[in-house]
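Accompanying notes for the structure given below.
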Amino acid sequence: MTQAKKAKAKKAKESKVEKKTTTNNDQVAELQAQIDQEKEKFLRLFAEFENYKKRTSKERLELYKTANQEVIGALLPVMDDFDRAMIEISKSENQELVKGVSLIQNKLVETLKNQGLIKSEVNKGDLFDAEIHEAITQIPAPEESLKGAVIDVVESGYALGDKIIRYPKVVVGN
């Protein structure tokens, strides 16, 4: 073979090697881009899953706190009846009867407290707040200082944890 042909063959080989190297570099870059893309997808999916776990655990805690809300709400009229009964029974001279009903009422109240029920404290003379009270009627205030204030509490209010399940029903001075 002549030298020119040898040189030409050598150049062709070098050209093929360069093409292979360029092709390999392109493939490596393409594969690296795909890896980066998959890493990004993984990180997003992982972050989404962490947010899901936090959200569901928060919802589970909220559900646990208010799971008894319907049952406790159904027992509130019974507590109101006990309060009215205690007022009438305390007028009786039979102290054993008063003591027995009082024990039953206390047991019911304590059981509901253990379940998270909180009685809202509203007193006569407190200022009326539409956020925490339910006005059932307005009457002329017997004193000037009672205008816009609670004159009478008709029905007690209750909260279960942080959530109000029944607003106190009050009479407001006008």
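Labeling convention for the structure tokens: chains A, B, ... as they appear, residues from 1 per chain, ligands from 1 in order of appearance.
Near Ser90 in chain A, within a cut-off of 10 Å and counting only C-alpha atoms, sit the residues Ala85, Met86, Asn94, Gln95, Leu97, Val98, Lys99, Val101 and Ser102 of chain A, with same-chain residues fewer than 4 positions away left out.
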> Which polymer residues have any atom within 12 Å of an atom of Leu108 in chain A, counting only C-alpha atoms, with same-chain residues fewer than 2 positions away left out, as number ranges by chain?
Replying inline: A: 72, 75-76, 78-80, 82-83, 101-106, 110-115, 117
Those same residues - N, CA and C atoms - I'd like them written as an mmCIF file, in the first residue's frame.
data_model
loop_
_atom_site.group_PDB
_atom_site.id
_atom_site.type_symbol
_atom_site.label_atom_id
_atom_site.label_comp_id
_atom_site.auth_asym_id
_atom_site.auth_seq_id
_atom_site.Cartn_x
_atom_site.Cartn_y
_atom_site.Cartn_z
ATOM 1 N N ILE A 72 -72.400 13.289 71.651
ATOM 2 C CA ILE A 72 -72.391 14.289 72.721
ATOM 3 C C ILE A 72 -73.456 15.347 72.447
ATOM 4 N N LEU A 75 -76.689 14.239 73.624
ATOM 5 C CA LEU A 75 -76.816 14.186 75.086
ATOM 6 C C LEU A 75 -76.985 15.564 75.723
ATOM 7 N N LEU A 76 -76.742 16.628 74.979
ATOM 8 C CA LEU A 76 -76.861 17.970 75.557
ATOM 9 C C LEU A 76 -78.278 18.271 76.063
ATOM 10 N N VAL A 78 -80.299 16.209 77.333
ATOM 11 C CA VAL A 78 -80.427 15.439 78.577
ATOM 12 C C VAL A 78 -79.775 16.211 79.724
ATOM 13 N N MET A 79 -78.615 16.814 79.432
ATOM 14 C CA MET A 79 -77.948 17.622 80.471
ATOM 15 C C MET A 79 -78.813 18.820 80.846
ATOM 16 N N ASP A 80 -79.455 19.445 79.848
ATOM 17 C CA ASP A 80 -80.345 20.569 80.134
ATOM 18 C C ASP A 80 -81.502 20.122 81.013
ATOM 19 N N PHE A 82 -81.476 17.644 83.102
ATOM 20 C CA PHE A 82 -80.947 17.419 84.451
ATOM 21 C C PHE A 82 -80.839 18.734 85.204
ATOM 22 N N ASP A 83 -80.369 19.784 84.530
ATOM 23 C CA ASP A 83 -80.251 21.086 85.194
ATOM 24 C C ASP A 83 -81.617 21.574 85.669
ATOM 25 N N VAL A 101 -80.107 12.265 92.621
ATOM 26 C CA VAL A 101 -80.161 12.857 91.278
ATOM 27 C C VAL A 101 -78.882 13.652 91.012
ATOM 28 N N SER A 102 -78.379 14.312 92.030
ATOM 29 C CA SER A 102 -77.141 15.090 91.899
ATOM 30 C C SER A 102 -75.962 14.181 91.540
ATOM 31 N N LEU A 103 -75.897 13.013 92.168
ATOM 32 C CA LEU A 103 -74.818 12.063 91.863
ATOM 33 C C LEU A 103 -74.887 11.597 90.405
ATOM 34 N N ILE A 104 -76.083 11.318 89.941
ATOM 35 C CA ILE A 104 -76.249 10.874 88.548
ATOM 36 C C ILE A 104 -75.859 12.005 87.584
ATOM 37 N N GLN A 105 -76.289 13.210 87.899
ATOM 38 C CA GLN A 105 -75.960 14.353 87.049
ATOM 39 C C GLN A 105 -74.443 14.572 87.010
ATOM 40 N N ASN A 106 -73.791 14.507 88.143
ATOM 41 C CA ASN A 106 -72.339 14.707 88.198
ATOM 42 C C ASN A 106 -71.592 13.634 87.406
ATOM 43 N N GLU A 110 -69.189 14.554 84.309
ATOM 44 C CA GLU A 110 -67.779 14.147 84.339
ATOM 45 C C GLU A 110 -67.427 13.241 83.152
ATOM 46 N N THR A 111 -68.339 12.353 82.805
ATOM 47 C CA THR A 111 -68.101 11.468 81.661
ATOM 48 C C THR A 111 -67.960 12.284 80.380
ATOM 49 N N LEU A 112 -68.822 13.257 80.209
ATOM 50 C CA LEU A 112 -68.745 14.095 79.003
ATOM 51 C C LEU A 112 -67.512 15.002 79.027
ATOM 52 N N LYS A 113 -67.111 15.456 80.198
ATOM 53 C CA LYS A 113 -65.877 16.249 80.309
ATOM 54 C C LYS A 113 -64.673 15.416 79.896
ATOM 55 N N ASN A 114 -64.667 14.153 80.302
ATOM 56 C CA ASN A 114 -63.562 13.265 79.940
ATOM 57 C C ASN A 114 -63.494 13.032 78.431
ATOM 58 N N GLN A 115 -64.622 13.213 77.762
ATOM 59 C CA GLN A 115 -64.656 13.061 76.303
ATOM 60 C C GLN A 115 -64.311 14.369 75.585
ATOM 61 N N LEU A 117 -65.779 17.555 76.360
ATOM 62 C CA LEU A 117 -66.833 18.568 76.365
ATOM 63 C C LEU A 117 -66.497 19.663 77.370
#
>> I need the residue nearest Lys124 in chain A from this list: A:Ile165, A:Val171, A:Glu50, A:Leu160. Use only C-alpha atoms for the distance.
In response: A:Val171
>> DSSP on the backbone: which residues in range 87-147 of chain A end up as strand (DSSP E)? Give the answer as number ranges by chain.
In response: A: 117-119, 134-139
> Skipping near chain neighbours, those fewer than 3 positions away, what residues fall within 7 Å of Gly148 in chain A using only C-alpha atoms, listed as a PyMOL selection string?
Replying inline: chain A and resi 127-128+172-174
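Take CA of Lys65 in chain A and CA of Ala159 in chain A: the distance between them is 11.3 Å.
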> Per DSSP on the backbone, what are the helix (DSSP H, G or I) residues of range 1-131 of chain A, as a PyMOL selection string?
Replying inline: chain A and resi 3-66+69-89+95-114
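Excluding Tyr158 in chain A and any residue on its chain fewer than 6 positions from it, the residues at most 8 Å away by only C-alpha atoms are Leu117, Ile118, Lys119, Ser120, Ile164, Ile165, Arg166, Tyr167 and Pro168 of chain A.
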